[in-house]
$ cat work_11.txt   # compact mmCIF, C-alpha atoms
# COMPACT_ATOMS: atom_id res chain seq x y z
CA MET A 1 -18.66 3.28 -7.10
CA GLU A 2 -17.34 3.63 -3.57
CA LYS A 3 -16.89 7.22 -2.42
CA THR A 4 -14.76 8.23 0.54
CA GLN A 5 -13.23 11.33 2.08
CA THR A 6 -9.82 11.87 3.66
CA ASP A 7 -7.47 14.64 4.66
CA ILE A 8 -4.59 13.39 2.51
CA LEU A 9 -4.31 11.03 -0.45
CA ILE A 10 -0.74 9.85 -0.96
CA SER A 11 -0.09 8.56 -4.46
CA GLY A 12 2.90 6.24 -4.19
CA GLY A 13 3.62 3.60 -1.58
CA GLY A 14 7.35 3.18 -1.88
CA VAL A 15 9.72 4.05 0.96
CA ALA A 16 8.98 7.77 0.57
CA GLY A 17 5.22 7.38 0.31
CA MET A 18 4.98 5.06 3.31
CA THR A 19 7.20 7.36 5.36
CA ALA A 20 4.91 10.28 4.56
CA ALA A 21 1.85 8.18 5.42
CA ALA A 22 3.33 7.24 8.80
CA ALA A 23 4.41 10.82 9.56
CA PHE A 24 1.09 12.47 8.71
CA GLY A 25 -0.87 9.63 10.29
CA THR A 26 1.10 9.87 13.52
CA ALA A 27 0.41 13.63 13.50
CA GLY A 28 -3.35 12.90 13.49
CA PHE A 29 -4.30 13.41 9.83
CA ASN A 30 -6.50 10.90 8.03
CA VAL A 31 -4.48 9.35 5.22
CA ILE A 32 -5.09 7.02 2.29
CA CYS A 33 -1.90 5.75 0.65
CA VAL A 34 -2.03 3.84 -2.64
CA ASP A 35 0.50 2.17 -4.91
CA PRO A 36 -0.20 -0.13 -7.87
CA THR A 37 2.72 -2.40 -6.92
CA PRO A 38 2.48 -4.16 -3.55
CA PRO A 39 5.71 -3.80 -1.51
CA ILE A 40 8.11 -6.75 -1.63
CA THR A 41 9.28 -7.30 1.91
CA GLU A 42 11.62 -10.29 1.60
CA ARG A 43 15.29 -10.03 0.63
CA ASP A 44 15.44 -12.90 -1.87
CA ALA A 45 11.98 -12.57 -3.43
CA ASP A 46 11.74 -11.74 -7.12
CA GLY A 47 11.62 -7.98 -7.64
CA SER A 48 12.88 -7.05 -4.18
CA ASP A 49 14.70 -3.74 -3.90
CA LEU A 50 18.31 -4.65 -3.09
CA ARG A 51 19.48 -1.07 -2.75
CA SER A 52 20.06 0.36 0.69
CA THR A 53 19.29 3.73 2.24
CA ALA A 54 21.49 5.65 4.64
CA PHE A 55 19.35 7.78 6.92
CA LEU A 56 21.30 10.81 8.08
CA GLN A 57 20.83 12.25 11.56
CA PRO A 58 17.90 14.62 10.80
CA SER A 59 16.07 11.85 8.92
CA ARG A 60 16.47 9.43 11.81
CA ASP A 61 14.85 12.00 14.11
CA PHE A 62 11.95 12.39 11.67
CA LEU A 63 11.46 8.60 11.50
CA GLU A 64 11.49 8.46 15.29
CA ASP A 65 8.69 11.05 15.48
CA ALA A 66 6.75 9.01 12.91
CA GLY A 67 6.97 5.86 15.06
CA ILE A 68 9.14 4.04 12.51
CA TRP A 69 12.63 4.19 13.97
CA SER A 70 11.89 1.89 16.90
CA LYS A 71 11.22 -0.84 14.32
CA LEU A 72 14.41 -0.13 12.37
CA ASP A 73 16.96 0.49 15.11
CA ALA A 74 17.91 -3.14 15.69
CA HIS A 75 18.53 -3.70 11.97
CA ALA A 76 20.50 -0.52 11.22
CA SER A 77 24.24 -0.36 10.57
CA PRO A 78 25.76 2.85 12.02
CA LEU A 79 27.90 4.92 9.65
CA GLN A 80 30.61 6.51 11.76
CA THR A 81 33.10 7.30 9.03
CA MET A 82 32.81 8.31 5.37
CA ARG A 83 35.98 7.28 3.54
CA ILE A 84 36.93 8.72 0.16
CA VAL A 85 39.47 6.67 -1.79
CA ASP A 86 41.01 7.91 -5.02
CA ALA A 87 42.27 5.10 -7.24
CA GLY A 88 42.60 7.26 -10.32
CA GLY A 89 46.29 6.68 -10.96
CA VAL A 90 47.75 4.66 -13.79
CA VAL A 91 47.41 1.52 -11.66
CA ASN A 92 44.08 0.59 -10.08
CA GLU A 93 45.11 0.93 -6.46
CA PRO A 94 44.50 3.50 -3.70
CA ARG A 95 46.72 6.55 -4.00
CA LEU A 96 44.75 8.85 -1.69
CA THR A 97 42.52 8.01 1.30
CA ARG A 98 40.68 10.60 3.37
CA ASP A 99 38.35 9.85 6.29
CA PHE A 100 35.50 12.12 7.34
CA ASP A 101 34.69 11.13 10.93
CA ALA A 102 31.34 12.01 12.49
CA SER A 103 33.01 12.62 15.85
CA ASP A 104 34.43 15.84 14.40
CA ILE A 105 30.96 17.40 14.41
CA SER A 106 28.66 15.19 16.47
CA GLU A 107 28.39 12.61 19.22
CA ARG A 108 26.29 10.46 16.88
CA PRO A 109 27.17 8.64 13.64
CA PHE A 110 26.58 10.38 10.33
CA GLY A 111 23.75 8.00 9.66
CA TRP A 112 22.42 4.46 9.72
CA ASN A 113 22.14 2.14 6.72
CA LEU A 114 19.28 -0.26 6.05
CA PRO A 115 18.31 -2.42 3.06
CA ASN A 116 15.28 -1.08 1.19
CA TRP A 117 13.35 -4.36 1.25
CA LEU A 118 13.56 -4.34 5.07
CA LEU A 119 12.45 -0.70 5.22
CA ARG A 120 9.32 -1.66 3.32
CA ARG A 121 8.61 -4.55 5.70
CA GLU A 122 8.88 -2.42 8.83
CA MET A 123 7.01 0.54 7.34
CA VAL A 124 4.10 -1.70 6.37
CA ALA A 125 4.04 -2.89 9.99
CA ARG A 126 3.95 0.71 11.24
CA LEU A 127 1.08 1.67 8.94
CA LYS A 128 -0.97 -1.27 10.24
CA GLU A 129 -0.70 0.24 13.73
CA LEU A 130 -2.29 3.54 12.68
CA PRO A 131 -6.09 3.43 12.60
CA ASN A 132 -6.29 6.68 10.62
CA VAL A 133 -4.04 5.40 7.80
CA ASP A 134 -5.55 3.28 5.04
CA PHE A 135 -2.73 1.66 3.06
CA ARG A 136 -3.94 0.10 -0.19
CA PRO A 137 -1.16 -1.81 -1.96
CA GLY A 138 -2.12 -3.01 -5.42
CA VAL A 139 -4.29 0.05 -6.02
CA GLY A 140 -3.14 2.92 -8.21
CA THR A 141 -4.16 6.47 -9.02
CA ALA A 142 -6.29 6.38 -12.18
CA SER A 143 -7.19 10.06 -12.58
CA VAL A 144 -6.92 13.38 -10.76
CA LEU A 145 -9.35 16.30 -10.80
CA THR A 146 -8.59 19.28 -8.59
CA ARG A 147 -10.70 22.22 -7.49
CA GLN A 148 -10.02 25.16 -5.18
CA THR A 149 -11.49 23.37 -2.18
CA GLU A 150 -10.65 19.69 -2.81
CA ALA A 151 -9.03 17.10 -5.02
CA ARG A 152 -10.99 14.21 -6.47
CA VAL A 153 -8.94 11.13 -7.17
CA SER A 154 -10.24 8.06 -8.98
CA LEU A 155 -8.45 4.89 -7.94
CA SER A 156 -7.89 1.78 -10.04
CA ASP A 157 -10.23 -0.23 -7.80
CA GLY A 158 -13.13 2.09 -8.67
CA THR A 159 -13.01 4.17 -5.47
CA LEU A 160 -13.52 7.93 -5.75
CA VAL A 161 -11.57 9.78 -3.05
CA SER A 162 -12.23 13.36 -2.03
CA ALA A 163 -9.08 14.72 -0.38
CA ARG A 164 -8.06 18.08 1.02
CA MET A 165 -4.54 17.50 -0.27
CA ILE A 166 -2.72 15.07 -2.55
CA ILE A 167 0.88 14.17 -1.84
CA ALA A 168 2.55 12.93 -5.03
CA ALA A 169 5.23 10.43 -4.00
CA ASP A 170 4.88 8.39 -7.18
CA GLY A 171 8.37 8.54 -8.60
CA ARG A 172 10.41 10.25 -11.28
CA ASN A 173 7.73 9.58 -13.90
CA SER A 174 4.98 10.75 -11.52
CA PRO A 175 1.51 10.20 -13.00
CA VAL A 176 0.13 12.87 -10.68
CA ARG A 177 2.69 15.42 -11.84
CA ARG A 178 1.83 14.66 -15.46
CA ALA A 179 -1.90 14.86 -14.74
CA LEU A 180 -1.38 18.37 -13.37
CA GLY A 181 0.63 19.39 -16.42
CA ILE A 182 3.81 20.10 -14.45
CA GLY A 183 7.02 19.57 -16.41
CA ALA A 184 10.48 18.60 -15.23
CA LYS A 185 14.04 19.27 -16.35
CA THR A 186 16.08 16.09 -16.76
CA THR A 187 19.86 15.69 -17.05
CA ARG A 188 21.19 12.40 -18.39
CA TYR A 189 24.75 11.26 -17.74
CA GLY A 190 25.00 8.19 -19.92
CA GLN A 191 25.52 6.17 -16.74
CA LYS A 192 23.83 3.22 -15.15
CA ALA A 193 24.13 1.96 -11.59
CA LEU A 194 24.52 -1.62 -10.46
CA ALA A 195 23.17 -2.36 -6.99
CA PHE A 196 23.82 -5.57 -5.08
CA ALA A 197 25.07 -6.96 -1.76
CA VAL A 198 28.36 -8.69 -1.06
CA THR A 199 30.18 -10.47 1.72
CA HIS A 200 33.88 -10.00 2.42
CA PRO A 201 36.46 -11.33 4.90
CA ILE A 202 37.67 -7.95 6.21
CA PRO A 203 35.11 -6.14 8.47
CA HIS A 204 33.85 -2.75 7.36
CA ASP A 205 33.97 -1.37 10.95
CA GLY A 206 31.10 1.01 10.24
CA VAL A 207 33.00 2.78 7.47
CA SER A 208 31.20 3.77 4.26
CA THR A 209 33.80 3.68 1.49
CA GLU A 210 33.53 5.54 -1.83
CA ILE A 211 36.19 4.58 -4.37
CA HIS A 212 36.83 6.86 -7.36
CA ARG A 213 38.57 5.89 -10.56
CA SER A 214 36.49 6.66 -13.66
CA GLY A 215 32.94 6.14 -14.88
CA GLY A 216 31.46 6.90 -11.47
CA PRO A 217 31.96 6.00 -7.81
CA PHE A 218 32.07 2.47 -6.43
CA THR A 219 30.47 2.75 -2.99
CA LEU A 220 30.37 0.16 -0.23
CA VAL A 221 27.94 0.88 2.60
CA PRO A 222 27.91 -1.27 5.75
CA LEU A 223 25.17 -3.85 6.27
CA PRO A 224 24.68 -6.30 9.14
CA ASP A 225 26.60 -9.57 8.80
CA TYR A 226 25.12 -12.03 6.30
CA ASN A 227 25.55 -15.79 6.78
CA GLY A 228 28.11 -15.06 9.47
CA LYS A 229 30.29 -12.84 7.27
CA PRO A 230 30.76 -9.05 7.07
CA SER A 231 28.46 -7.63 4.42
CA SER A 232 28.08 -4.40 2.46
CA ALA A 233 25.63 -2.91 0.00
CA ILE A 234 27.31 -1.73 -3.19
CA VAL A 235 26.29 0.84 -5.75
CA TRP A 236 28.62 0.80 -8.75
CA MET A 237 28.06 3.62 -11.23
CA GLU A 238 29.54 3.21 -14.69
CA ARG A 239 28.97 4.42 -18.22
CA GLY A 240 26.00 2.63 -19.72
CA PRO A 241 27.64 0.07 -22.04
CA GLU A 242 30.21 -0.93 -19.41
CA ALA A 243 27.53 -1.25 -16.73
CA ARG A 244 25.50 -3.51 -18.99
CA ARG A 245 28.57 -5.66 -19.73
CA LEU A 246 29.25 -6.04 -16.02
CA TYR A 247 25.62 -6.84 -15.31
CA GLU A 248 25.73 -9.74 -17.75
CA LEU A 249 28.93 -11.35 -16.42
CA ASP A 250 28.63 -14.75 -14.77
CA ALA A 251 29.01 -14.82 -10.99
CA THR A 252 32.68 -15.87 -11.01
CA ALA A 253 33.74 -13.16 -13.45
CA PHE A 254 31.60 -10.60 -11.64
CA ASN A 255 33.22 -11.42 -8.29
CA GLU A 256 36.62 -10.89 -9.88
CA ALA A 257 35.51 -7.56 -11.38
CA ILE A 258 34.08 -6.17 -8.14
CA SER A 259 37.09 -7.31 -6.12
CA GLU A 260 39.42 -5.52 -8.52
CA ARG A 261 37.28 -2.35 -8.61
CA SER A 262 37.24 -2.28 -4.81
CA CYS A 263 41.06 -2.35 -4.84
CA HIS A 264 40.77 -5.45 -2.63
CA LEU A 265 40.32 -3.17 0.39
CA PHE A 266 38.04 -5.72 2.04
CA GLY A 267 39.61 -8.83 0.53
CA PRO A 268 37.84 -10.77 -2.21
CA LEU A 269 34.20 -9.73 -2.57
CA THR A 270 31.52 -12.37 -3.06
CA LEU A 271 28.15 -11.56 -4.58
CA ALA A 272 25.47 -12.23 -1.95
CA SER A 273 22.34 -11.18 -3.83
CA ARG A 274 21.03 -10.81 -7.34
CA ARG A 275 22.06 -7.71 -9.30
CA THR A 276 19.84 -4.81 -10.27
CA ILE A 277 20.59 -2.05 -12.78
CA TRP A 278 18.99 1.33 -13.43
CA PRO A 279 19.76 4.56 -15.33
CA ILE A 280 21.29 7.57 -13.56
CA ILE A 281 19.69 10.99 -14.05
CA SER A 282 19.18 14.30 -12.28
CA GLN A 283 15.72 15.80 -12.44
CA ILE A 284 13.89 18.76 -10.92
CA SER A 285 10.19 19.45 -11.30
CA ASP A 286 9.28 22.86 -12.71
CA SER A 287 7.04 23.37 -9.70
CA PHE A 288 6.82 21.56 -6.39
CA TYR A 289 3.07 21.99 -6.17
CA GLY A 290 -0.13 22.22 -8.14
CA GLU A 291 -3.70 22.87 -7.13
CA ARG A 292 -4.35 20.93 -3.88
CA THR A 293 -1.19 18.91 -4.54
CA ALA A 294 2.35 18.77 -3.12
CA LEU A 295 5.14 16.96 -4.95
CA ILE A 296 7.74 15.23 -2.80
CA ALA A 297 10.67 12.85 -3.25
CA GLU A 298 11.39 11.71 -6.82
CA ALA A 299 8.19 13.27 -8.10
CA ALA A 300 9.91 16.58 -7.27
CA HIS A 301 13.63 15.80 -7.58
CA VAL A 302 16.00 13.00 -8.53
CA VAL A 303 19.75 12.88 -7.91
CA PRO A 304 22.48 10.29 -8.56
CA PRO A 305 23.13 8.03 -5.55
CA ILE A 306 26.03 10.05 -4.12
CA GLY A 307 26.37 11.32 -0.56
CA ALA A 308 23.10 9.75 0.66
CA GLN A 309 21.20 12.81 -0.52
CA GLY A 310 18.24 11.21 -2.32
CA LEU A 311 15.82 9.97 0.33
CA ASN A 312 17.20 12.37 2.92
CA MET A 313 16.19 15.28 0.66
CA SER A 314 12.77 13.62 0.37
CA ILE A 315 12.41 13.52 4.14
CA GLY A 316 13.30 17.22 4.12
CA ASP A 317 10.26 17.70 1.86
CA MET A 318 8.05 15.80 4.29
CA ARG A 319 9.33 17.72 7.29
CA ALA A 320 8.62 21.08 5.65
CA LEU A 321 5.16 20.00 4.52
CA LEU A 322 4.24 18.47 7.87
CA ASP A 323 5.40 21.56 9.78
CA LEU A 324 3.13 23.73 7.64
CA ALA A 325 0.21 21.33 8.01
CA GLN A 326 0.54 21.20 11.80
CA ALA A 327 0.93 24.96 12.09
CA ALA A 328 -2.34 25.58 10.24
CA PRO A 329 -4.35 22.35 9.85
CA ASP A 330 -7.41 24.24 8.61
CA SER A 331 -5.33 25.44 5.64
CA LEU A 332 -4.24 21.94 4.58
CA GLY A 333 -3.72 21.94 0.82
CA SER A 334 -4.48 25.65 0.40
CA PRO A 335 -2.58 27.75 -2.20
CA LYS A 336 -0.90 29.70 0.61
CA MET A 337 0.35 26.55 2.34
CA LEU A 338 1.60 24.93 -0.87
CA ALA A 339 3.36 28.09 -2.06
CA ALA A 340 5.09 28.27 1.34
CA TYR A 341 6.16 24.64 0.94
CA GLU A 342 7.81 25.40 -2.37
CA ARG A 343 9.60 28.42 -0.94
CA LYS A 344 10.96 26.28 1.88
CA ARG A 345 12.25 23.54 -0.38
CA LYS A 346 12.97 24.60 -3.94
CA ALA A 347 16.12 26.72 -3.46
CA GLU A 348 17.75 24.12 -1.21
CA VAL A 349 16.87 21.28 -3.56
CA HIS A 350 18.31 23.16 -6.54
CA ALA A 351 21.54 23.74 -4.61
CA ARG A 352 21.85 20.10 -3.56
CA VAL A 353 21.06 18.75 -7.03
CA ALA A 354 23.71 21.08 -8.48
CA GLY A 355 26.23 19.92 -5.88
CA VAL A 356 25.59 16.22 -6.52
CA ASN A 357 25.76 16.88 -10.28
CA LEU A 358 29.22 18.42 -9.82
CA LEU A 359 30.42 15.49 -7.69
CA ASN A 360 29.13 13.00 -10.24
CA ARG A 361 30.83 14.78 -13.14
CA ALA A 362 34.07 14.73 -11.18
CA SER A 363 33.72 11.03 -10.41
CA MET A 364 33.25 10.22 -14.11
CA MET A 365 36.57 11.75 -15.20
CA GLY A 366 38.54 9.37 -17.38
CA GLU A 367 41.51 11.42 -18.60
CA GLN A 368 44.55 11.08 -16.34
CA PRO A 369 45.22 14.82 -15.86
CA LEU A 370 41.61 15.37 -14.77
CA ARG A 371 41.76 12.43 -12.38
CA ASP A 372 44.93 13.91 -10.90
CA LEU A 373 43.14 17.24 -10.51
CA ARG A 374 40.23 15.53 -8.73
CA ALA A 375 42.58 13.87 -6.24
CA ALA A 376 44.33 17.16 -5.56
CA GLY A 377 40.99 18.86 -4.93
CA VAL A 378 39.87 16.22 -2.42
CA SER A 379 43.19 16.48 -0.59
CA ALA A 380 43.04 20.28 -0.48
CA LEU A 381 39.48 20.39 0.88
CA TYR A 382 40.24 17.76 3.50
CA SER A 383 43.36 19.55 4.73
CA MET A 384 41.36 22.65 5.76
CA ALA A 385 39.61 21.61 8.99
CA PRO A 386 36.93 24.36 8.97
CA VAL A 387 36.05 23.56 5.35
CA ARG A 388 36.00 19.83 6.07
CA LYS A 389 33.61 20.29 9.01
CA THR A 390 31.37 22.61 7.00
CA LEU A 391 31.14 20.05 4.18
CA MET A 392 30.17 17.35 6.67
CA GLN A 393 27.49 19.56 8.22
CA LEU A 394 26.09 20.42 4.79
CA GLY A 395 26.02 16.73 3.96
CA LEU A 396 23.88 16.10 7.04
CA GLY A 397 21.36 18.64 5.84
CA ALA A 398 22.51 21.95 7.34
CA ARG A 399 21.69 24.96 5.21
CA GLY A 400 24.53 26.62 3.39

$ encode --input "work_11.txt" --output "C-alpha cells"
Amino acid sequence: MEKTQTDILISGGGVAGMTAAAAFGTAGFNVICVDPTPPITERDADGSDLRSTAFLQPSRDFLEDAGIWSKLDAHASPLQTMRIVDAGGVVNEPRLTRDFDASDISERPFGWNLPNWLLRREMVARLKELPNVDFRPGVGTASVLTRQTEARVSLSDGTLVSARMIIAADGRNSPVRRALGIGAKTTRYGQKALAFAVTHPIPHDGVSTEIHRSGGPFTLVPLPDYNGKPSSAIVWMERGPEARRLYELDATAFNEAISERSCHLFGPLTLASRRTIWPIISQISDSFYGERTALIAEAAHVVPPIGAQGLNMSIGDMRALLDLAQAAPDSLGSPKMLAAYERKRKAEVHARVAGVNLLNRASMMGEQPLRDLRAAGVSALYSMAPVRKTLMQLGLGARG
C-alpha cells in the first residue's frame, strides 16, 4: 500500500473541487484532489456537462487569484443585464419586462458565463501547472478516519493519504459527509430541470433573460456564437412529469416547445446540444465541518439554479476557508479554524438558500391570481431604485 502525506485532501474533482485545488495550490499548500469520474472536457462527448456557470464579480476575482481566469477570459460571455420577463397572463406572451443593468452599481458586468465542460478543460490545464497539486481523476475516496491531529483517507487505488485537512467537495450525496455522520435537511419541489444549448437568429446582446409563467423559470444565459449563430445556454425548470415529457420529445417538437416557452423573444430556437435532466432540491448540511474536515459547495448546500447563486456560494466557502488557512497556516484543519469557517458561512448560506427557495416557489405559481400577484411584486420592487440596487448588490454577494 502506498502511503503519502499532504496538507489538504480534496474529495471531489468537479468544478468546485478543482477550483479549490487551484486556489489552495496557488496559495502554496500541498494538495491532492481525487474524483472517481474523470472530467469530460469536450462539448459533444457522451456525459459532458452541458450546463453553464455564471461567475459573478467576486467569484471572477477569486478565480483570477487562483490563476484560472486568464484561461477562461477569452471564452467568457459577459452578462451586462439581467432581464426578468413575466409571461404569466392568460396568453403565453410577455406582459411585464424589467431590466437590471450592472451599470447601476458597477463599471463591470454582473458576471461572465461559461459552459461547464469548458471550465473543466481549463481547470485541468491549470492544475497541471501547479507542482504542489496532485490531481487524480478516476480515483475516489474509499474510507475516512479522522483524529485530532490528522485525517487518514484510503483511496480507491489503494493509496493511504495522511492529510492535515479534508475538503469535501463531493456533491449533494457527499460520501465524506456521510462517513462523518453529518446529516442534511433536504427540500424537494417536485421539479426537474432541463439543461441544453440553443442557437437563435436574434442576438442576446449580453442579456441574461429569465422568463416566468408557471412550473419554474425558463432562463437563457448568453454563450459565445455557435456555428456562426448567436447561442444561449438554457435551464428550463418544470414540474417533474412535464419535464420528463419535454425531455422525451423529438427534436422538431422540442424546438417548437422551447420557442413557444421563450415567447419567441429571440426568434425560433434550435436545439444545439443534447438534453440533460436532473431533480431540483434545496439542501443544507447540519454542520459545515467535522473533525479535520470542511464541507464546501454541494456537500454543504444545494439551491435551485436561480440567480447564479449555486457555484458562487461555493466560491464564497472557498474564500472564507482559504482566508483562515492563510491567516494561520499552522492551524490548518484545527477545531478552532473549522468552527470559525462555519461561523463565517452558515448564516449567510441559510439566508441565501431561503431567498432562492422563496423565488422558486414564486416562479412555480400556476393559479392566475397568484401569477398576477407575482408580476405586481416584481414591478413594485423594480420601481424603487434604492431597493433595486440593493437587490442587485445582494445578488453579487454583498452581505445583507

$ closest_residue --input "work_11.txt" --among "A:Gly310, A:Gly366, A:Gly88, A:Pro137" --to "A:Gly13" --atoms "all atoms listed in the file"
A:Pro137

$ closest_residue --input "work_11.txt" --among "A:Asp170, A:Glu298, A:Glu248, A:Asp317" --to "A:Arg345" --atoms "all atoms listed in the file"
A:Asp317

$ closest_residue --input "work_11.txt" --among "A:Val139, A:Ile202, A:Val31, A:Leu269" --to "A:Ala253" --atoms "only C-alpha atoms"
A:Leu269

$ closest_residue --input "work_11.txt" --among "A:Val198, A:Leu155, A:Ile84, A:Val349" --to "A:Val34" --atoms "all atoms listed in the file"
A:Leu155

$ residues_around --input "work_11.txt" --residues "A:Asp73" --least-positions-apart "6" --cutoff "12 Å" --atoms "all atoms listed in the file" --output "short mmCIF file (atom, residue, chain, number, x, y, z; two decimals) with C-alpha atoms, keeping the file's coordinate frame"
data_model
loop_
_atom_site.label_atom_id
_atom_site.label_comp_id
_atom_site.auth_asym_id
_atom_site.auth_seq_id
_atom_site.Cartn_x
_atom_site.Cartn_y
_atom_site.Cartn_z
CA PHE A 55 19.35 7.78 6.92
CA ARG A 60 16.47 9.43 11.81
CA ASP A 61 14.85 12.00 14.11
CA LEU A 63 11.46 8.60 11.50
CA GLU A 64 11.49 8.46 15.29
CA GLY A 67 6.97 5.86 15.06
CA GLY A 111 23.75 8.00 9.66
CA TRP A 112 22.42 4.46 9.72
CA ASN A 113 22.14 2.14 6.72
CA LEU A 114 19.28 -0.26 6.05
CA LEU A 118 13.56 -4.34 5.07
CA LEU A 119 12.45 -0.70 5.22
CA GLU A 122 8.88 -2.42 8.83
CA PRO A 224 24.68 -6.30 9.14
#
